[in-house]
$ cat my_file11.pdb   # PDB, C-alpha atoms, pLDDT in the B column
ATOM      1  CA  MET N 564       3.731 -20.916 -16.507  1.00 91.00           C
ATOM      2  CA  ASN N 565       4.713 -21.184 -12.823  1.00 93.00           C
ATOM      3  CA  THR N 566       5.178 -18.197 -10.513  1.00 95.00           C
ATOM      4  CA  PHE N 567       8.954 -18.052 -10.954  1.00 95.00           C
ATOM      5  CA  GLU N 568       8.575 -17.988 -14.747  1.00 96.00           C
ATOM      6  CA  LYS N 569       5.943 -15.227 -14.455  1.00 97.00           C
ATOM      7  CA  ILE N 570       8.337 -13.131 -12.332  1.00 97.00           C
ATOM      8  CA  ILE N 571      11.207 -13.607 -14.797  1.00 97.00           C
ATOM      9  CA  ALA N 572       8.967 -12.678 -17.755  1.00 97.00           C
ATOM     10  CA  LEU N 573       7.642  -9.578 -15.935  1.00 97.00           C
ATOM     11  CA  LEU N 574      11.108  -8.378 -14.913  1.00 97.00           C
ATOM     12  CA  ASP N 575      12.619  -9.084 -18.325  1.00 97.00           C
ATOM     13  CA  ASP N 576       9.752  -7.192 -20.025  1.00 97.00           C
ATOM     14  CA  HIS N 577      10.626  -4.173 -17.840  1.00 97.00           C
ATOM     15  CA  ARG N 578      14.398  -4.636 -18.295  1.00 97.00           C
ATOM     16  CA  ALA N 579      14.801  -4.865 -14.521  1.00 96.00           C
ATOM     17  CA  GLU N 580      18.132  -5.544 -12.847  1.00 94.00           C
ATOM     18  CA  TYR N 581      17.952  -8.766 -10.801  1.00 96.00           C
ATOM     19  CA  ARG N 582      19.741 -11.963  -9.936  1.00 96.00           C
ATOM     20  CA  VAL N 583      18.515 -15.392  -8.867  1.00 96.00           C
ATOM     21  CA  VAL N 584      19.993 -17.214  -5.878  1.00 94.00           C
ATOM     22  CA  GLU N 585      19.446 -20.930  -5.241  1.00 93.00           C
ATOM     23  CA  HIS N 586      19.567 -22.080  -1.611  1.00 91.00           C
ATOM     24  CA  GLU N 587      18.171 -24.452   0.974  1.00 88.00           C
ATOM     25  CA  ALA N 588      14.339 -24.519   1.063  1.00 90.00           C
ATOM     26  CA  ILE N 589      13.557 -22.144   3.937  1.00 83.00           C
ATOM     27  CA  GLY N 590      10.477 -19.968   4.386  1.00 80.00           C
ATOM     28  CA  GLN N 591      11.543 -17.960   7.429  1.00 87.00           C
ATOM     29  CA  THR N 592      12.599 -14.388   6.663  1.00 90.00           C
ATOM     30  CA  ASP N 593      15.230 -14.050   9.390  1.00 90.00           C
ATOM     31  CA  VAL N 594      16.871 -17.424   8.665  1.00 91.00           C
ATOM     32  CA  ILE N 595      16.936 -17.051   4.881  1.00 91.00           C
ATOM     33  CA  SER N 596      18.225 -13.477   5.128  1.00 92.00           C
ATOM     34  CA  GLY N 597      21.215 -14.813   7.058  1.00 92.00           C
ATOM     35  CA  ILE N 598      21.855 -17.459   4.411  1.00 90.00           C
ATOM     36  CA  ARG N 599      21.504 -14.989   1.518  1.00 92.00           C
ATOM     37  CA  GLY N 600      23.586 -12.375   3.336  1.00 93.00           C
ATOM     38  CA  ASN N 601      21.065  -9.544   3.093  1.00 94.00           C
ATOM     39  CA  ASP N 602      20.028  -7.146   5.842  1.00 95.00           C
ATOM     40  CA  LEU N 603      16.674  -8.038   7.374  1.00 95.00           C
ATOM     41  CA  ASN N 604      15.157  -4.690   6.339  1.00 96.00           C
ATOM     42  CA  GLN N 605      15.880  -5.583   2.671  1.00 97.00           C
ATOM     43  CA  ALA N 606      13.758  -8.746   2.845  1.00 96.00           C
ATOM     44  CA  ALA N 607      10.261  -8.443   1.370  1.00 96.00           C
ATOM     45  CA  LYS N 608       7.973 -10.407   3.680  1.00 96.00           C
ATOM     46  CA  ALA N 609       4.694 -11.252   1.881  1.00 96.00           C
ATOM     47  CA  MET N 610       1.373 -11.868   3.632  1.00 96.00           C
ATOM     48  CA  VAL N 611      -2.074 -12.493   2.202  1.00 98.00           C
ATOM     49  CA  LEU N 612      -4.776 -10.682   4.172  1.00 98.00           C
ATOM     50  CA  GLU N 613      -8.545 -10.825   4.062  1.00 97.00           C
ATOM     51  CA  VAL N 614      -9.917  -7.289   4.316  1.00 97.00           C
ATOM     52  CA  ALA N 615     -13.377  -6.471   5.672  1.00 94.00           C
ATOM     53  CA  MET N 616     -14.911  -3.742   3.542  1.00 92.00           C
ATOM     54  CA  PRO N 617     -17.401  -1.105   4.748  1.00 89.00           C
ATOM     55  CA  GLU N 618     -21.190  -1.301   4.451  1.00 85.00           C
ATOM     56  CA  GLY N 619     -21.437  -5.048   4.010  1.00 79.00           C
ATOM     57  CA  ALA N 620     -19.413  -5.139   0.795  1.00 86.00           C
ATOM     58  CA  GLU N 621     -17.728  -8.423  -0.020  1.00 92.00           C
ATOM     59  CA  ALA N 622     -14.312  -8.975   1.566  1.00 93.00           C
ATOM     60  CA  ARG N 623     -11.241  -8.265  -0.564  1.00 96.00           C
ATOM     61  CA  TYR N 624      -7.804  -9.839  -0.499  1.00 98.00           C
ATOM     62  CA  LEU N 625      -4.536  -7.994  -0.114  1.00 98.00           C
ATOM     63  CA  LEU N 626      -0.948  -9.056  -0.724  1.00 98.00           C
ATOM     64  CA  ALA N 627       0.867  -7.007   1.910  1.00 98.00           C
ATOM     65  CA  ILE N 628       4.639  -6.645   1.579  1.00 98.00           C
ATOM     66  CA  VAL N 629       6.592  -5.471   4.624  1.00 97.00           C
ATOM     67  CA  PRO N 630      10.299  -5.328   5.490  1.00 97.00           C
ATOM     68  CA  GLY N 631      11.688  -8.380   7.262  1.00 95.00           C
ATOM     69  CA  ASP N 632      12.363  -6.363  10.410  1.00 95.00           C
ATOM     70  CA  CYS N 633       8.734  -5.211  10.663  1.00 96.00           C
ATOM     71  CA  LYS N 634       5.311  -6.674  11.327  1.00 95.00           C
ATOM     72  CA  ILE N 635       2.085  -5.952   9.517  1.00 97.00           C
ATOM     73  CA  ASN N 636      -0.203  -3.221  10.834  1.00 96.00           C
ATOM     74  CA  PHE N 637      -3.539  -4.879  10.068  1.00 97.00           C
ATOM     75  CA  LYS N 638      -5.634  -1.712  10.382  1.00 97.00           C
ATOM     76  CA  SER N 639      -3.326   0.364   8.158  1.00 97.00           C
ATOM     77  CA  ALA N 640      -3.197  -2.438   5.594  1.00 97.00           C
ATOM     78  CA  ALA N 641      -7.002  -2.582   5.455  1.00 97.00           C
ATOM     79  CA  ARG N 642      -7.267   1.185   5.090  1.00 96.00           C
ATOM     80  CA  ALA N 643      -4.751   1.109   2.218  1.00 97.00           C
ATOM     81  CA  ILE N 644      -7.445  -0.512   0.057  1.00 96.00           C
ATOM     82  CA  GLY N 645     -10.477   1.178   1.606  1.00 95.00           C
ATOM     83  CA  GLY N 646     -11.262  -1.489   4.184  1.00 95.00           C
ATOM     84  CA  LYS N 647     -12.066  -1.383   7.885  1.00 93.00           C
ATOM     85  CA  LYS N 648      -9.970  -4.213   9.296  1.00 95.00           C
ATOM     86  CA  SER N 649      -7.942  -7.156   8.110  1.00 97.00           C
ATOM     87  CA  SER N 650      -6.647 -10.519   9.238  1.00 97.00           C
ATOM     88  CA  PHE N 651      -4.570 -13.288   7.722  1.00 97.00           C
ATOM     89  CA  ALA N 652      -6.422 -15.069   4.919  1.00 97.00           C
ATOM     90  CA  ALA N 653      -7.067 -18.785   5.271  1.00 96.00           C
ATOM     91  CA  PRO N 654      -3.943 -20.678   4.116  1.00 94.00           C
ATOM     92  CA  GLU N 655      -5.908 -22.450   1.361  1.00 96.00           C
ATOM     93  CA  LYS N 656      -7.196 -19.120   0.005  1.00 97.00           C
ATOM     94  CA  ALA N 657      -3.721 -17.551   0.194  1.00 96.00           C
ATOM     95  CA  GLN N 658      -2.248 -20.467  -1.751  1.00 96.00           C
ATOM     96  CA  GLU N 659      -5.050 -20.281  -4.340  1.00 96.00           C
ATOM     97  CA  LEU N 660      -4.490 -16.553  -4.903  1.00 97.00           C
ATOM     98  CA  THR N 661      -0.682 -16.684  -5.022  1.00 96.00           C
ATOM     99  CA  GLN N 662      -0.133 -20.145  -6.511  1.00 95.00           C
ATOM    100  CA  CYS N 663       2.675 -20.496  -3.937  1.00 94.00           C
ATOM    101  CA  VAL N 664       3.263 -22.246  -0.663  1.00 91.00           C
ATOM    102  CA  MET N 665       3.475 -19.831   2.246  1.00 88.00           C
ATOM    103  CA  GLY N 666       7.006 -18.573   2.695  1.00 89.00           C
ATOM    104  CA  ALA N 667       7.620 -18.590  -1.069  1.00 93.00           C
ATOM    105  CA  VAL N 668       5.236 -15.762  -2.020  1.00 95.00           C
ATOM    106  CA  PRO N 669       6.954 -13.017  -4.048  1.00 96.00           C
ATOM    107  CA  PRO N 670       6.084  -9.297  -3.842  1.00 97.00           C
ATOM    108  CA  PHE N 671       4.015  -9.465  -7.044  1.00 97.00           C
ATOM    109  CA  SER N 672       0.335 -10.248  -7.553  1.00 97.00           C
ATOM    110  CA  PHE N 673      -0.591 -12.219 -10.650  1.00 97.00           C
ATOM    111  CA  ASP N 674      -4.285 -12.487  -9.675  1.00 96.00           C
ATOM    112  CA  ASP N 675      -6.754  -9.614 -10.158  1.00 96.00           C
ATOM    113  CA  ARG N 676      -8.517 -10.605  -6.917  1.00 96.00           C
ATOM    114  CA  LEU N 677      -5.336  -9.886  -4.934  1.00 97.00           C
ATOM    115  CA  ALA N 678      -4.504  -6.190  -4.449  1.00 97.00           C
ATOM    116  CA  LEU N 679      -0.843  -5.325  -3.778  1.00 98.00           C
ATOM    117  CA  ARG N 680       0.438  -2.861  -1.174  1.00 98.00           C
ATOM    118  CA  VAL N 681       4.111  -2.448  -0.304  1.00 98.00           C
ATOM    119  CA  ASP N 682       5.316  -0.730   2.843  1.00 97.00           C
ATOM    120  CA  ALA N 683       6.997   2.600   2.083  1.00 96.00           C
ATOM    121  CA  ARG N 684      10.063   1.611   4.166  1.00 96.00           C
ATOM    122  CA  LEU N 685      11.128  -0.696   1.336  1.00 97.00           C
ATOM    123  CA  ARG N 686      11.625   2.250  -1.069  1.00 96.00           C
ATOM    124  CA  ASP N 687      15.076   3.016   0.329  1.00 94.00           C
ATOM    125  CA  VAL N 688      16.651  -0.430   0.773  1.00 96.00           C
ATOM    126  CA  GLY N 689      18.699  -0.407  -2.447  1.00 95.00           C
ATOM    127  CA  THR N 690      18.227  -4.101  -3.179  1.00 97.00           C
ATOM    128  CA  LEU N 691      15.016  -5.966  -2.428  1.00 97.00           C
ATOM    129  CA  TRP N 692      15.335  -9.664  -1.534  1.00 97.00           C
ATOM    130  CA  PHE N 693      12.455 -12.145  -1.744  1.00 96.00           C
ATOM    131  CA  ASN N 694      11.574 -15.776  -2.304  1.00 93.00           C
ATOM    132  CA  ALA N 695      10.644 -16.158  -5.942  1.00 93.00           C
ATOM    133  CA  GLY N 696       7.695 -18.540  -5.938  1.00 93.00           C
ATOM    134  CA  ALA N 697       9.678 -21.442  -4.468  1.00 91.00           C
ATOM    135  CA  LEU N 698      11.249 -21.915  -1.049  1.00 91.00           C
ATOM    136  CA  GLU N 699      14.625 -22.819  -2.579  1.00 93.00           C
ATOM    137  CA  ARG N 700      14.885 -19.831  -4.917  1.00 94.00           C
ATOM    138  CA  SER N 701      15.311 -16.141  -4.078  1.00 95.00           C
ATOM    139  CA  MET N 702      15.822 -13.000  -6.086  1.00 97.00           C
ATOM    140  CA  ALA N 703      17.749  -9.822  -5.481  1.00 97.00           C
ATOM    141  CA  LEU N 704      16.067  -6.955  -7.336  1.00 97.00           C
ATOM    142  CA  ASN N 705      17.026  -3.313  -7.642  1.00 96.00           C
ATOM    143  CA  VAL N 706      14.331  -1.568  -5.562  1.00 96.00           C
ATOM    144  CA  ASP N 707      13.909   1.258  -8.094  1.00 96.00           C
ATOM    145  CA  ASP N 708      13.201  -1.366 -10.758  1.00 97.00           C
ATOM    146  CA  PHE N 709      10.721  -3.055  -8.419  1.00 97.00           C
ATOM    147  CA  PHE N 710       8.685   0.126  -7.955  1.00 97.00           C
ATOM    148  CA  ARG N 711       8.945   0.901 -11.669  1.00 96.00           C
ATOM    149  CA  VAL N 712       7.351  -2.521 -12.338  1.00 97.00           C
ATOM    150  CA  VAL N 713       4.609  -2.458  -9.667  1.00 96.00           C
ATOM    151  CA  GLY N 714       3.918   1.290  -9.715  1.00 94.00           C
ATOM    152  CA  ASP N 715       4.055   3.934  -7.018  1.00 91.00           C
ATOM    153  CA  ASP N 716       0.357   3.687  -6.088  1.00 93.00           C
ATOM    154  CA  CYS N 717       0.992   0.346  -4.370  1.00 95.00           C
ATOM    155  CA  CYS N 718       3.206   2.101  -1.797  1.00 96.00           C
ATOM    156  CA  ALA N 719       1.604   2.588   1.653  1.00 96.00           C
ATOM    157  CA  ASP N 720       2.484   2.757   5.347  1.00 96.00           C
ATOM    158  CA  ILE N 721       1.369  -0.735   6.393  1.00 97.00           C
ATOM    159  CA  ALA N 722       4.133  -1.952   8.720  1.00 96.00           C
ATOM    160  CA  THR N 723       5.303  -1.410  12.263  1.00 93.00           C
ATOM    161  CA  PRO N 724       8.950  -1.978  13.274  1.00 91.00           C
ATOM    162  CA  MET N 725       9.445  -4.950  15.562  1.00 85.00           C
ATOM    163  CA  THR N 726      10.883  -4.036  18.907  1.00 73.00           C
ATOM    164  CA  ALA N 727      13.873  -5.950  20.192  1.00 53.00           C
ATOM    165  CA  THR N 728      13.343  -7.977  23.335  1.00 52.00           C
ATOM    166  CA  ALA N 729      16.107  -8.869  25.771  1.00 45.00           C
TER     167      ALA N 729
END

$ encode --input "my_file11.pdb" --output "C-alpha cells"
Amino acid sequence: MNTFEKIIALLDDHRAEYRVVEHEAIGQTDVISGIRGNDLNQAAKAMVLEVAMPEGAEARYLLAIVPGDCKINFKSAARAIGGKKSSFAAPEKAQELTQCVMGAVPPFSFDDRLALRVDARLRDVGTLWFNAGALERSMALNVDDFFRVVGDDCCADIATPMTATA
C-alpha cells in the first residue's frame, strides 16, 4: 500500500471529511497553495527533523508540521519530544521514514520511528491542505477531523511566523 492509499484508508476508517485534488507536480508550499486556491496558513508544511536527545540517548526523528506561512522553530520542535536541539534529517533518512519524496510528505506518520508534532496554529484554519504522498496530488481535510485522527497530544508550538521583507 502506498502513502496515498494509507491516508485514504486512515481517513475513511475515521469517517473524515476530505477531498482529493489532482494538479501539476509541485513541491513548493507557496506555489501549490496558489494553484489549489488555499490560504498559505492553511497549508501543512511537513519537515523531517533529527532530534538530539539528552544524556547521550540515541537521536529520534520528528515529523514537524507547520503552517505554510511559518518556519520551523528547531529548538521548540526538539523540546516537543523531549530533545535538546534539532536539525533537518538527511534527505535519504527522511525519504526512508516517510516513503515519500520531499515536498510530497503528508501530515501523518506511518512509521513508529517518526514522532508527529503539529503546530497549534493549524487548529483554527478550518480546512487543512497538504500534498498526499505524491507531488501531483493534494488533499483538503477538515481540520477538526485531522486532529480527531492524529490526536490532541501531537499539538505543540513549533513554528515561528515568517516576516515579510520588502

$ atom_distance --input "my_file11.pdb" --atom1 "atom CA of Ala641 of chain N" --atom2 "atom CA of Asp593 of chain N"
25.3 Å

$ closest_residue --input "my_file11.pdb" --among "N:Asn705, N:Thr723, N:Asn694, N:Ser596" --to "Phe567 of chain N" --atoms "only C-alpha atoms"
N:Asn694

$ axis_aligned_box --input "my_file11.pdb" --around "segment 704-720 of chain N" --padding-each-side "5 Å" --output "lines of an AutoDock Vina configuration file"
center_x = 8.7
center_y = -1.5
center_z = -3.5
size_x = 26.7
size_y = 20.9
size_z = 27.7

$ resolve_selection --input "my_file11.pdb" --expression "the PyMOL selection byres ((chain N and resi 586) around 10)" --output "number ranges by chain"
N: 583-585, 587-589, 595, 598-599, 698-701

$ residues_near_point --input "my_file11.pdb" --point "(10.5, -2.5, 3.0)" --cutoff "8 Å" --atoms "only C-alpha atoms" --output "ChimeraX atom specification"
/N:604-607,628-631,681-688,691

$ resolve_selection --input "my_file11.pdb" --expression "the PyMOL selection byres ((chain N and resi 674-679) around 10)" --output "PyMOL selection string"
chain N and resi 609+611-613+623-628+643-644+657+659-662+670-673+680-681+713+716-719

$ atom_distance --input "my_file11.pdb" --atom1 "atom CA of Met702 of chain N" --atom2 "atom CA of Tyr581 of chain N"
6.7 Å

$ atom_distance --input "my_file11.pdb" --atom1 "atom CA of Pro617 of chain N" --atom2 "atom CA of Gln658 of chain N"
25.4 Å

$ residues_around --input "my_file11.pdb" --residues "Cys663 of chain N" --least-positions-apart "6" --cutoff "8 Å" --atoms "all atoms listed in the file" --output "VMD selection string"
chain N and resid 566 696 to 697

$ residues_near_point --input "my_file11.pdb" --point "(-12.4, -3.0, 2.5)" --cutoff "6 Å" --atoms "all atoms listed in the file" --output "PyMOL selection string"
chain N and resi 614-617+645-647

$ resolve_selection --input "my_file11.pdb" --expression "the PyMOL selection byres ((chain N and resi 635) around 9)" --output "number ranges by chain"
N: 610, 627-629, 633-634, 636-640, 721-724

$ write_last_selection --input "my_file11.pdb" --atoms "C-alpha atoms" --output "compact mmCIF listing (two decimals), keeping the file's coordinate frame"
# COMPACT_ATOMS: atom_id res chain seq x y z
CA MET N 610 1.37 -11.87 3.63
CA ALA N 627 0.87 -7.01 1.91
CA ILE N 628 4.64 -6.64 1.58
CA VAL N 629 6.59 -5.47 4.62
CA CYS N 633 8.73 -5.21 10.66
CA LYS N 634 5.31 -6.67 11.33
CA ASN N 636 -0.20 -3.22 10.83
CA PHE N 637 -3.54 -4.88 10.07
CA LYS N 638 -5.63 -1.71 10.38
CA SER N 639 -3.33 0.36 8.16
CA ALA N 640 -3.20 -2.44 5.59
CA ILE N 721 1.37 -0.74 6.39
CA ALA N 722 4.13 -1.95 8.72
CA THR N 723 5.30 -1.41 12.26
CA PRO N 724 8.95 -1.98 13.27

$ closest_residue --input "my_file11.pdb" --among "N:Gln591, N:Asn601, N:Thr690, N:Thr726" --to "Met665 of chain N" --atoms "all atoms listed in the file"
N:Gln591

$ decode --input "my_file11.pdb" --residues "segment 637-650 of chain N" --atoms "all heavy atoms" --output "JSON list (two decimals), in the first residue's frame"
[["chain", "number", "residue", "atom", "x", "y", "z"],
["N", 637, "PHE", "N", 13.38, 25.16, 15.45],
["N", 637, "PHE", "CA", 14.09, 23.90, 15.70],
["N", 637, "PHE", "C", 14.17, 23.55, 17.19],
["N", 637, "PHE", "O", 14.00, 22.40, 17.56],
["N", 637, "PHE", "CB", 15.49, 23.94, 15.09],
["N", 637, "PHE", "CG", 15.49, 23.87, 13.59],
["N", 637, "PHE", "CD1", 15.63, 25.02, 12.83],
["N", 637, "PHE", "CD2", 15.32, 22.66, 12.93],
["N", 637, "PHE", "CE1", 15.63, 24.95, 11.44],
["N", 637, "PHE", "CE2", 15.32, 22.58, 11.55],
["N", 637, "PHE", "CZ", 15.47, 23.73, 10.80],
["N", 638, "LYS", "N", 14.42, 24.52, 18.02],
["N", 638, "LYS", "CA", 14.55, 24.26, 19.47],
["N", 638, "LYS", "C", 13.21, 23.84, 20.07],
["N", 638, "LYS", "O", 13.13, 22.87, 20.83],
["N", 638, "LYS", "CB", 15.09, 25.50, 20.18],
["N", 638, "LYS", "CG", 15.55, 25.23, 21.59],
["N", 638, "LYS", "CD", 16.30, 26.41, 22.16],
["N", 638, "LYS", "CE", 17.60, 25.87, 22.72],
["N", 638, "LYS", "NZ", 18.51, 26.89, 23.18],
["N", 639, "SER", "N", 12.14, 24.55, 19.71],
["N", 639, "SER", "CA", 10.81, 24.20, 20.22],
["N", 639, "SER", "C", 10.38, 22.82, 19.72],
["N", 639, "SER", "O", 9.77, 22.05, 20.46],
["N", 639, "SER", "CB", 9.78, 25.24, 19.78],
["N", 639, "SER", "OG", 10.05, 26.47, 20.38],
["N", 640, "ALA", "N", 10.71, 22.51, 18.48],
["N", 640, "ALA", "CA", 10.36, 21.20, 17.92],
["N", 640, "ALA", "C", 11.07, 20.09, 18.69],
["N", 640, "ALA", "O", 10.46, 19.08, 19.04],
["N", 640, "ALA", "CB", 10.71, 21.15, 16.44],
["N", 641, "ALA", "N", 12.35, 20.30, 18.98],
["N", 641, "ALA", "CA", 13.10, 19.29, 19.74],
["N", 641, "ALA", "C", 12.49, 19.11, 21.13],
["N", 641, "ALA", "O", 12.29, 17.98, 21.59],
["N", 641, "ALA", "CB", 14.57, 19.71, 19.85],
["N", 642, "ARG", "N", 12.20, 20.21, 21.78],
["N", 642, "ARG", "CA", 11.62, 20.14, 23.13],
["N", 642, "ARG", "C", 10.27, 19.44, 23.14],
["N", 642, "ARG", "O", 9.89, 18.83, 24.14],
["N", 642, "ARG", "CB", 11.47, 21.54, 23.71],
["N", 642, "ARG", "CG", 12.80, 22.15, 24.12],
["N", 642, "ARG", "CD", 12.58, 23.50, 24.77],
["N", 642, "ARG", "NE", 13.84, 24.14, 25.08],
["N", 642, "ARG", "CZ", 14.06, 25.44, 24.99],
["N", 642, "ARG", "NH1", 13.08, 26.25, 24.62],
["N", 642, "ARG", "NH2", 15.23, 25.94, 25.28],
["N", 643, "ALA", "N", 9.54, 19.52, 22.05],
["N", 643, "ALA", "CA", 8.20, 18.91, 21.97],
["N", 643, "ALA", "C", 8.25, 17.40, 22.13],
["N", 643, "ALA", "O", 7.24, 16.78, 22.47],
["N", 643, "ALA", "CB", 7.52, 19.29, 20.66],
["N", 644, "ILE", "N", 9.44, 16.80, 21.89],
["N", 644, "ILE", "CA", 9.56, 15.35, 22.10],
["N", 644, "ILE", "C", 10.67, 15.04, 23.11],
["N", 644, "ILE", "O", 11.23, 13.94, 23.12],
["N", 644, "ILE", "CB", 9.75, 14.56, 20.78],
["N", 644, "ILE", "CG1", 11.03, 14.95, 20.05],
["N", 644, "ILE", "CG2", 8.53, 14.71, 19.89],
["N", 644, "ILE", "CD1", 11.40, 13.98, 18.92],
["N", 645, "GLY", "N", 11.02, 16.02, 23.94],
["N", 645, "GLY", "CA", 11.99, 15.80, 25.00],
["N", 645, "GLY", "C", 13.44, 15.91, 24.59],
["N", 645, "GLY", "O", 14.33, 15.48, 25.32],
["N", 646, "GLY", "N", 13.69, 16.52, 23.42],
["N", 646, "GLY", "CA", 15.05, 16.66, 22.94],
["N", 646, "GLY", "C", 15.67, 18.00, 23.28],
["N", 646, "GLY", "O", 15.02, 18.88, 23.85],
["N", 647, "LYS", "N", 16.96, 18.14, 22.92],
["N", 647, "LYS", "CA", 17.69, 19.37, 23.20],
["N", 647, "LYS", "C", 17.72, 20.30, 21.99],
["N", 647, "LYS", "O", 17.53, 21.49, 22.12],
["N", 647, "LYS", "CB", 19.14, 19.04, 23.59],
["N", 647, "LYS", "CG", 19.25, 18.24, 24.87],
["N", 647, "LYS", "CD", 20.68, 18.11, 25.37],
["N", 647, "LYS", "CE", 21.64, 17.63, 24.30],
["N", 647, "LYS", "NZ", 23.00, 17.40, 24.76],
["N", 648, "LYS", "N", 18.00, 19.74, 20.83],
["N", 648, "LYS", "CA", 18.06, 20.54, 19.61],
["N", 648, "LYS", "C", 17.71, 19.64, 18.43],
["N", 648, "LYS", "O", 17.70, 18.42, 18.54],
["N", 648, "LYS", "CB", 19.44, 21.17, 19.44],
["N", 648, "LYS", "CG", 20.57, 20.18, 19.29],
["N", 648, "LYS", "CD", 21.90, 20.89, 19.16],
["N", 648, "LYS", "CE", 23.00, 19.85, 18.96],
["N", 648, "LYS", "NZ", 24.30, 20.45, 18.68],
["N", 649, "SER", "N", 17.42, 20.28, 17.31],
["N", 649, "SER", "CA", 17.06, 19.50, 16.13],
["N", 649, "SER", "C", 17.61, 20.18, 14.88],
["N", 649, "SER", "O", 17.96, 21.36, 14.89],
["N", 649, "SER", "CB", 15.54, 19.33, 16.01],
["N", 649, "SER", "OG", 14.91, 20.57, 15.79],
["N", 650, "SER", "N", 17.66, 19.40, 13.82],
["N", 650, "SER", "CA", 18.07, 19.89, 12.51],
["N", 650, "SER", "C", 17.36, 19.03, 11.47],
["N", 650, "SER", "O", 16.77, 18.00, 11.81],
["N", 650, "SER", "CB", 19.59, 19.79, 12.34],
["N", 650, "SER", "OG", 20.00, 18.44, 12.50]]
